[in-house]
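Report on the structure given below.
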Amino acid sequence: PRGSMGICRSHGRFQFCSLVLLEFFSGFAWAVQRPQGFFVVLLEQHGFSGTSLGVLSALCLLTPTLTGPGVGWLADHLAPARRHRLFAAVAVLKSTLQMAAWPALGFAPNAGSYWWIFTFMCLQAACSTGGMLTEITLRFVGKEAYGKVRLWGGIGFAFGSFFTGLLAHALGSYGVIFAESMFIGVALACTVFCLAHASHNEQLLTASSAGIDLTVEAPSSAPPSSNDLPNGSAGETTRPSSRELRRFLLTPRVMIILVTVIAMGFCEGIMQTYTYVRLRHLPHGTSTVMGLSAVCMIISEVPFFYYAEPIVKRFGILPILSFALFCAALRQAWISAIWDAAWVLPGELLHGITFSIANAAVTLSVHDMVPPQLEATMQSIIGSCWVGVGQGSASWLGGLVLHRYGDQRLFQCSALLALLAALGPFSVAICDKRPRG
């Protein structure tokens with residue numbers, strides 16, 4: 001038994017390392033696969049207008065609103081091993097579809113190239129894995145350690161952004177994102193297969209250890225409870241139903257959270273899509289500064305993700321979201337006021353509040369409220385509201401404002417909207433604390 005327990009602990013460490021790599025590669029993938037940042041700058045270099053960029057980015061971000069919950073719903077109906085295979089297949093397909101859009105840049109910016117890029121990038125965006133990734137992480141490590149694993153996604157995003165910025169500067173082209181995307185898709189698939197293999201081995205070793213113990217103790221005919229199963233190996237759960245999902249979504253508190261998440265996504269969408277465009281029009285707006293801005297963002301993410309669980313428990317979700325919206329307003333106002341691209345770096349340190357702790361608060365709060373059989377579906381819906389509806393509408397409306405009034409006025413207007421949106425969750429939090437009767 002001692003040897004078996006030692007091997008089990010070894011497999012547990014391997015699982016944790018696999019989860020860290022999975023989050024890291026997912027963060028790297030977001031840096032090169034998102035229809036924002038380097039991708040927008042690349043298309044702008046090839047002569048596409050601000051309006052066309054906004055429409056393309058918006059529709060690419062809105063597409064997961066339809067497909068993300070569907071992928072999550074499918075994952076909830078599959079056994080854990082099949083969820084891992086589904087995740088790997090979707091990750092590789094996403095990278096392949098982005099790679100297929102690369103040749104169109106050769107004859108940009110005519111209409112044919114635009115529709116080629118539009119088609120393949122929308123199909124790429126439809127391959128959504130965010131909800132499955134959150135469900136896999138929570139299933140293996142639980143809410144207490146979720147932030148400690150999730151922070152590696154931010155580190156992967158920072159490394160991917162900085163590495164891509166250096167590579168683009170050295171090669172003189174942002175087209176490197178397509179080759180990086182293909183590499184990272186294969187890396188994600190390999191990592192999730194390693195995780196699934198380690199999980200399967202741990203289940204066999206745990207069952208073997210339990211069999212040895214049963215020869216010493218009195219045998220029991222009762223089936224093992226779900227609490228006796230190892231992480232990531234939960235038994236059969238109740239199949240999710242559409243009626244149960246609809247009833248949960250119509251809960252007043254859940255509706256308030258979803259509306260606030262859309263507002264958070266809108267602010268994040270403006271910053272993620274058009275910050276690099278603003279920097280490119282300022283002195284020292286090089287790809288290296290753009291990569292460093294992502295590094296500053298992730299430096300601020302680490303402490304908030306690491307201490308996410310106690311912070312959320314101490315303050316609650318609505319006060320955190322209200323404060324995050326206020327900081328988003330401050331961050332966007334700063335971006336609109338800077339006169340040199342290098343001065344964006346101090347403002348990016350607010351990203352830990354505007355994204356990290358807000359994202360962790362929503363994820364952990366929904367995890368506590370949602371029925372277990374709807375975990376992947378609900379996390380996918382949260383991601384769709386944040387990235388799809390929020391960031392998608394920000395890209396579309398932001399492109400219109402950018403084309404008509406310029407990047408400085410765009411960030412000023414978005415800062416004002418964020419400040420007004422912060423009053424919503426703040427008011428509800430105050431009402432919740434008011435004594436009844």
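Residue numbering restarts at 1 in every chain; chains get A, B, ... in the order shown in the structure tokens, and ligands count up from 1 in that same order.
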
What's around Ser384 (chain A) at 7 Å? Count only C-alpha atoms, leave out sequence neighbours fewer than 6 positions away in its own chain, and write the answer as a count of residues only. 3

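Ranking A:Ala104, A:Cys17, A:Ala75, A:Leu245 by their shortest atom-to-atom distance to Met369 (chain A), with only C-alpha atoms included, puts A:Leu245 first.
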
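Of note, CA of Thr137 (chain A) and CA of Gly316 (chain A) are spaced 21.8 Å apart.
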
Check the smallest atom-to-atom distance from each of A:Pro371, A:Leu416, A:Leu402, A:Phe38 to His169 (chain A) using only C-alpha atoms, then report the winner.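 Among the listed residues, A:Phe38 lies closest to His169 (chain A).
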
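Using only C-alpha atoms, the nearest neighbour of Cys122 (chain A) within the list A:Ala337, A:Leu59, A:Ile184, A:Val149 is A:Leu59.
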
Do a neighbour search on Ile270 (chain A) at 9 Å with only C-alpha atoms, toss out local chain neighbours closer than 5 positions, and write the hits as a list in words.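 These residues fall inside the cut-off: Gly265, Thr275, Gln332, Gln391, Ala394, Ser395, Gly398, Leu410, Phe411 and Ser414 of chain A.
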
Restricted to C-alpha atoms, what would the selected residues look like written as an mmCIF file, in the first residue's frame?
data_model
loop_
_atom_site.group_PDB
_atom_site.id
_atom_site.type_symbol
_atom_site.label_atom_id
_atom_site.label_comp_id
_atom_site.auth_asym_id
_atom_site.auth_seq_id
_atom_site.Cartn_x
_atom_site.Cartn_y
_atom_site.Cartn_z
ATOM 1 C CA GLY A 265 -16.775 42.118 -21.348
ATOM 2 C CA THR A 275 -5.363 49.466 -27.245
ATOM 3 C CA GLN A 332 -9.505 53.500 -20.224
ATOM 4 C CA GLN A 391 -16.350 41.928 -26.311
ATOM 5 C CA ALA A 394 -17.406 46.363 -28.081
ATOM 6 C CA SER A 395 -15.483 45.470 -31.228
ATOM 7 C CA GLY A 398 -15.782 50.503 -31.142
ATOM 8 C CA LEU A 410 -13.338 55.933 -28.301
ATOM 9 C CA PHE A 411 -11.587 55.307 -24.979
ATOM 10 C CA SER A 414 -15.969 53.688 -23.060
#

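Closest approach to Met99 (chain A) among A:Met182, A:Cys431, A:Ala187, A:Leu42 is made by A:Met182 (distances from only C-alpha atoms).
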
Which residue gives the smallest distance to Val277 (chain A) among A:Ser113, A:Gln45, A:Gln124, A:Thr67, with only C-alpha atoms counted?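 Smallest separation from Val277 (chain A) among the options: A:Gln45.
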
Identify which of the residues A:Tyr174, A:Phe140, A:Phe157, A:Phe120 lies closest to Phe14 (chain A), counting only C-alpha atoms when measuring atom-to-atom distances. A:Phe140
